[in-house]
Amino acid sequence: MRRISLIFMLLAACGIAVAKPVADAAAPLVLKPTADQADAAIWAMRFLSRFHYKPVPLDDAMSEKIFDGFLDSLDGDHLFFTQADIDAFSNARDKLDDAIFERDLSAPFAIFSVYQKRVAERLAYSRELLAKPFDFSKDESYQYDRAKAPWAKDSAELDDLWRKRVKNDWLRLKLANKAPKDIRETLDKRYTNYMDRVRQLNSEDVFQTFMNAYATAIEPHTNYLSPRASENFDIAMRLSLEGIGAVLQRLDEYTAIREIIPGGPAALSGKLSPGDRILGVGQGANGPIVDVIGWRLDDVVDKIRGAKGTVVRLEVLPEAAGPDGKHEMLTLTRNKVSVEEQAAKKSIIDVKHGDATRRVGVITLPTFYQDFDARRRGDENYKSATRDVERLLGELRSEKVDGVIVDLRNNGGGSLDEATDLTGLFIDKGPVVQIRDASGRVEEKSDRRAGAAWTGPLAVLVNRASASASEIFAAAIQDYGRGVIIGEPTFGKGTVQNLLNMDDMARNEKPTYGDLKMTVQQFFRINGGSTQLRGVTPEISFPLTVASDEFGESSYDNALPWTSISKADYKPVADLKPVIPMLVARHEARTAKDPEWKNFVEEIADAKRIRAEKTISLNEQVRIKERDEQEARRKAREALAGDAFPKQDPAAKTRADTLKDSGKPPMDGTQDVVAAAPVVTLEDDGLQPDERSIAKDLAREEKRKARPDIVLNEAAQVLSDEIDLIRSDTKLAARILPHESAANVD
């Protein structure tokens, strides 16, 4: 089950970095539920038990699922609670339904209080271990994947587990050539920060985690969003906010600038740079400066964001200055800022085929975004994925591309309307998707606009993380015969969620209760089938980077089943069947002798082997041998491939990444882990992201981005093959292209 939200804040809210003596550690504040939260739980129960696509009563059986989900969110790797703790909690197992009905949420908060205590005990013990030497010649191992491990029977067993955990942290830094003194300081600061993050959690965090345990117990894609989380969701959909235009992150005890967004107030000022640290924030031209050192990241963000046209003042310690360096004061006027990183983008790949060069346009779409509020207000310039893609297609036409790839890798979905409208850019008119509600009523979403923005050769590139709206689009393109689908089978999410604002329902004047992202419908392909569980199967299959039981809809134990309905009244615009075998044959022949592709396939095999391992040796010589062997394999592949590697996808997992993740506190808010192509691992420096200088971290990221994208390049080769085939055979072109496009084939 996904772990959601409570320590989504932990990832963002790094605590004070100055190590404190264990004896001086203050006891965490005991958190209690509020009356508003009790009311919010009742409102959520009313909607979830009556209006969900698969309504489930809140009863003892559901209580047990909520109980298990809540514990999984708190301690999914079984690192803090003992079996005795679980036994002590068991009285609440079948009573959490009563807790909601009776507006008494003390039980989950009491469990969280024990969690806080156990975290403090474990981290205090870990810091004490740093004073003692480790024996790295012993043959013992550390189990870093404990999701299915039994609870420790007592504190002694946890002590041994954490001894190995700390030993592994030390060994990673030692293998990165860090001196013992530096290792001790780094780890002491790390463990102190973890405890500070837990102390910074508030009642809203605990409540959101509890309510998400309830929501996801019904179905995987139903969530509860606190008022703050709801605001961030809105920003992600509209790709804009009102603020200064800077991406922030934690860096030790500071909030630091990670990135400056072009065109925003911070960029236009020319006075902020990546690595600069924000020490204080003041409102207006004369408001007092509030010290924000050690604050949670989201609390600092709340101080800096604000209405367009208002003034915010920042006290800044420049990146190049030491802790005692000169502070600078900066006054900025907030404005609307576009978050273009997630907007559609275009590029062109030139593919050589003998003496000919085919120009393949690429539209990269990270999400199906839309500014819903602006559209409701009648704003003619509202932000829209379809509008942006249509503009980019026009630019690609003017640049004389021969074919277009829509790259939907790692696109987890978004607006259903955008998926429908985007499909309309590639067909004339007709149904795109069928939607069935809980009553069984089926309606069609159709493209009603005549004409298409692109009628030439088309491919859609997908991977396992292409989900929801991405699957609607890919399925419609496939059912119409409009383009060839390339890549991996998609996620398999065939459900529709609506965002329900409970404050609107309760007529609250200010955000109090939060939102429900609730599954209310299931969508079906126009051929009558469903993407639920099965996803969209490509015509040109690339190597699977992750197993279906590891990631995707089929990995959830409470996913809705696959089913089908009658097909819609539609007519395919083309027939790709004649060309697919030829494209497959050319792809297989080309990649069989392509050293870069062979390297890619071997990287996948390495990644699968690493994911299958749950333990790692704590013997230094064994680790050195493993590292050297892996490095030798990497260099051999690199030499064979001519220094070409797959481009890293943001959430790709390697063993080093897994070990880094295991060094985070539990409840880290890990949401859907993106299935991604395996990558060549950058040298493991043993550090967490917030322990590395931003400049070095950005350099590592640039190094990853610089690697060629072998998957995209091969997709361009496949589409280029199609272009060659149809240009040499007009009868074939007439079958596999829309009529108006085939008539214009050279």
# chains A, B, ... in the order shown; residues from 1 in each chain; ligands from 1

call {"tool": "residues_around", "arguments": {"residues": "Trp170 (chain A)", "least_positions_apart": "2", "cutoff": "12 Å", "atoms": "only C-alpha atoms", "output": "MDAnalysis selection string"}}
result
chainID A and resid 126:127 129:136 163:168 172:188 190 618:620 663 685:687

call {"tool": "atom_distance", "arguments": {"atom1": "CA of Pro738 (chain A)", "atom2": "CA of Ser564 (chain A)"}}
result
27.6 Å

call {"tool": "closest_residue", "arguments": {"among": "A:Ala374, A:Ala585, A:Ala217, A:Ile726", "to": "Ser541 (chain A)", "atoms": "only C-alpha atoms"}}
result
A:Ala585

call {"tool": "closest_residue", "arguments": {"among": "A:Gly514, A:Pro431, A:Gly552, A:Gly243", "to": "Thr531 (chain A)", "atoms": "only C-alpha atoms"}}
result
A:Gly552

call {"tool": "decode", "arguments": {"residues": "region 266-302 of chain A", "atoms": "N, CA, C and O atoms", "output": "mmCIF file, in the first residue's frame"}}
result
data_model
loop_
_atom_site.group_PDB
_atom_site.id
_atom_site.type_symbol
_atom_site.label_atom_id
_atom_site.label_comp_id
_atom_site.auth_asym_id
_atom_site.auth_seq_id
_atom_site.Cartn_x
_atom_site.Cartn_y
_atom_site.Cartn_z
ATOM 1 N N ALA A 266 11.827 36.807 -8.621
ATOM 2 C CA ALA A 266 13.185 36.497 -8.172
ATOM 3 C C ALA A 266 14.171 36.586 -9.332
ATOM 4 O O ALA A 266 15.275 37.129 -9.192
ATOM 5 N N ALA A 267 13.769 36.063 -10.491
ATOM 6 C CA ALA A 267 14.659 36.109 -11.660
ATOM 7 C C ALA A 267 14.855 37.541 -12.142
ATOM 8 O O ALA A 267 15.973 37.955 -12.479
ATOM 9 N N LEU A 268 13.769 38.287 -12.188
ATOM 10 C CA LEU A 268 13.853 39.658 -12.687
ATOM 11 C C LEU A 268 14.677 40.553 -11.765
ATOM 12 O O LEU A 268 15.277 41.534 -12.219
ATOM 13 N N SER A 269 14.728 40.209 -10.481
ATOM 14 C CA SER A 269 15.526 41.028 -9.560
ATOM 15 C C SER A 269 17.016 40.862 -9.804
ATOM 16 O O SER A 269 17.803 41.772 -9.564
ATOM 17 N N GLY A 270 17.400 39.680 -10.265
ATOM 18 C CA GLY A 270 18.812 39.397 -10.489
ATOM 19 C C GLY A 270 19.630 39.290 -9.214
ATOM 20 O O GLY A 270 20.857 39.259 -9.264
ATOM 21 N N LYS A 271 18.959 39.187 -8.072
ATOM 22 C CA LYS A 271 19.681 39.222 -6.795
ATOM 23 C C LYS A 271 19.629 37.910 -6.012
ATOM 24 O O LYS A 271 20.150 37.840 -4.908
ATOM 25 N N LEU A 272 18.980 36.881 -6.565
ATOM 26 C CA LEU A 272 18.934 35.586 -5.908
ATOM 27 C C LEU A 272 19.556 34.536 -6.815
ATOM 28 O O LEU A 272 19.393 34.575 -8.030
ATOM 29 N N SER A 273 20.244 33.575 -6.194
ATOM 30 C CA SER A 273 20.921 32.529 -6.949
ATOM 31 C C SER A 273 20.742 31.194 -6.235
ATOM 32 O O SER A 273 20.528 31.151 -5.014
ATOM 33 N N PRO A 274 20.835 30.081 -6.978
ATOM 34 C CA PRO A 274 20.782 28.772 -6.323
ATOM 35 C C PRO A 274 21.836 28.663 -5.227
ATOM 36 O O PRO A 274 22.984 29.064 -5.409
ATOM 37 N N GLY A 275 21.430 28.145 -4.083
ATOM 38 C CA GLY A 275 22.338 28.017 -2.944
ATOM 39 C C GLY A 275 22.188 29.118 -1.922
ATOM 40 O O GLY A 275 22.628 28.961 -0.767
ATOM 41 N N ASP A 276 21.579 30.250 -2.300
ATOM 42 C CA ASP A 276 21.330 31.311 -1.320
ATOM 43 C C ASP A 276 20.371 30.799 -0.248
ATOM 44 O O ASP A 276 19.434 30.051 -0.535
ATOM 45 N N ARG A 277 20.590 31.210 1.001
ATOM 46 C CA ARG A 277 19.789 30.727 2.115
ATOM 47 C C ARG A 277 18.905 31.846 2.674
ATOM 48 O O ARG A 277 19.372 32.964 2.885
ATOM 49 N N ILE A 278 17.650 31.528 2.901
ATOM 50 C CA ILE A 278 16.687 32.498 3.410
ATOM 51 C C ILE A 278 16.651 32.396 4.934
ATOM 52 O O ILE A 278 16.311 31.348 5.491
ATOM 53 N N LEU A 279 17.008 33.480 5.603
ATOM 54 C CA LEU A 279 17.076 33.497 7.065
ATOM 55 C C LEU A 279 15.819 34.063 7.709
ATOM 56 O O LEU A 279 15.465 33.691 8.823
ATOM 57 N N GLY A 280 15.167 34.998 7.007
ATOM 58 C CA GLY A 280 13.993 35.648 7.569
ATOM 59 C C GLY A 280 13.077 36.140 6.477
ATOM 60 O O GLY A 280 13.503 36.370 5.341
ATOM 61 N N VAL A 281 11.785 36.306 6.831
ATOM 62 C CA VAL A 281 10.777 36.757 5.873
ATOM 63 C C VAL A 281 9.935 37.835 6.539
ATOM 64 O O VAL A 281 9.483 37.674 7.683
ATOM 65 N N GLY A 282 9.711 38.940 5.811
ATOM 66 C CA GLY A 282 8.866 40.020 6.305
ATOM 67 C C GLY A 282 7.769 40.337 5.311
ATOM 68 O O GLY A 282 7.960 40.212 4.100
ATOM 69 N N GLN A 283 6.606 40.740 5.826
ATOM 70 C CA GLN A 283 5.474 41.047 4.961
ATOM 71 C C GLN A 283 5.359 42.555 4.764
ATOM 72 O O GLN A 283 5.428 43.331 5.717
ATOM 73 N N GLY A 284 5.168 42.964 3.517
ATOM 74 C CA GLY A 284 5.015 44.373 3.216
ATOM 75 C C GLY A 284 6.325 45.128 3.319
ATOM 76 O O GLY A 284 7.384 44.566 3.644
ATOM 77 N N ALA A 285 6.240 46.406 3.074
ATOM 78 C CA ALA A 285 7.448 47.230 3.053
ATOM 79 C C ALA A 285 8.039 47.436 4.441
ATOM 80 O O ALA A 285 9.250 47.668 4.575
ATOM 81 N N ASN A 286 7.218 47.306 5.474
ATOM 82 C CA ASN A 286 7.708 47.639 6.812
ATOM 83 C C ASN A 286 7.440 46.562 7.860
ATOM 84 O O ASN A 286 7.748 46.768 9.039
ATOM 85 N N GLY A 287 6.879 45.430 7.470
ATOM 86 C CA GLY A 287 6.572 44.391 8.443
ATOM 87 C C GLY A 287 7.829 43.819 9.065
ATOM 88 O O GLY A 287 8.905 43.810 8.456
ATOM 89 N N PRO A 288 7.740 43.320 10.277
ATOM 90 C CA PRO A 288 8.920 42.768 10.947
ATOM 91 C C PRO A 288 9.438 41.522 10.230
ATOM 92 O O PRO A 288 8.666 40.754 9.644
ATOM 93 N N ILE A 289 10.756 41.329 10.280
ATOM 94 C CA ILE A 289 11.378 40.138 9.705
ATOM 95 C C ILE A 289 11.246 38.989 10.701
ATOM 96 O O ILE A 289 11.678 39.103 11.851
ATOM 97 N N VAL A 290 10.642 37.900 10.265
ATOM 98 C CA VAL A 290 10.463 36.718 11.111
ATOM 99 C C VAL A 290 11.575 35.726 10.800
ATOM 100 O O VAL A 290 11.777 35.334 9.652
ATOM 101 N N ASP A 291 12.314 35.334 11.829
ATOM 102 C CA ASP A 291 13.392 34.368 11.662
ATOM 103 C C ASP A 291 12.793 33.006 11.295
ATOM 104 O O ASP A 291 11.940 32.478 12.011
ATOM 105 N N VAL A 292 13.258 32.411 10.171
ATOM 106 C CA VAL A 292 12.700 31.131 9.716
ATOM 107 C C VAL A 292 13.754 30.025 9.707
ATOM 108 O O VAL A 292 13.543 28.973 9.108
ATOM 109 N N ILE A 293 14.884 30.232 10.356
ATOM 110 C CA ILE A 293 15.890 29.172 10.434
ATOM 111 C C ILE A 293 15.314 27.985 11.211
ATOM 112 O O ILE A 293 14.766 28.154 12.301
ATOM 113 N N GLY A 294 15.414 26.799 10.639
ATOM 114 C CA GLY A 294 14.917 25.591 11.288
ATOM 115 C C GLY A 294 13.443 25.321 11.061
ATOM 116 O O GLY A 294 12.922 24.314 11.518
ATOM 117 N N TRP A 295 12.757 26.214 10.333
ATOM 118 C CA TRP A 295 11.339 26.004 10.081
ATOM 119 C C TRP A 295 11.116 24.877 9.078
ATOM 120 O O TRP A 295 11.977 24.556 8.265
ATOM 121 N N ARG A 296 9.908 24.308 9.118
ATOM 122 C CA ARG A 296 9.470 23.405 8.063
ATOM 123 C C ARG A 296 9.440 24.154 6.746
ATOM 124 O O ARG A 296 9.086 25.336 6.688
ATOM 125 N N LEU A 297 9.769 23.454 5.690
ATOM 126 C CA LEU A 297 9.814 24.091 4.378
ATOM 127 C C LEU A 297 8.452 24.648 3.981
ATOM 128 O O LEU A 297 8.353 25.774 3.473
ATOM 129 N N ASP A 298 7.386 23.883 4.218
ATOM 130 C CA ASP A 298 6.077 24.368 3.787
ATOM 131 C C ASP A 298 5.635 25.589 4.583
ATOM 132 O O ASP A 298 4.895 26.435 4.071
ATOM 133 N N ASP A 299 6.091 25.723 5.833
ATOM 134 C CA ASP A 299 5.768 26.926 6.603
ATOM 135 C C ASP A 299 6.485 28.148 6.045
ATOM 136 O O ASP A 299 5.926 29.253 6.014
ATOM 137 N N VAL A 300 7.722 27.954 5.599
ATOM 138 C CA VAL A 300 8.456 29.062 4.982
ATOM 139 C C VAL A 300 7.787 29.453 3.667
ATOM 140 O O VAL A 300 7.618 30.638 3.354
ATOM 141 N N VAL A 301 7.393 28.442 2.884
ATOM 142 C CA VAL A 301 6.717 28.708 1.617
ATOM 143 C C VAL A 301 5.455 29.525 1.840
ATOM 144 O O VAL A 301 5.159 30.468 1.096
ATOM 145 N N ASP A 302 4.680 29.176 2.884
ATOM 146 C CA ASP A 302 3.467 29.936 3.179
ATOM 147 C C ASP A 302 3.772 31.401 3.455
ATOM 148 O O ASP A 302 2.976 32.288 3.124
#
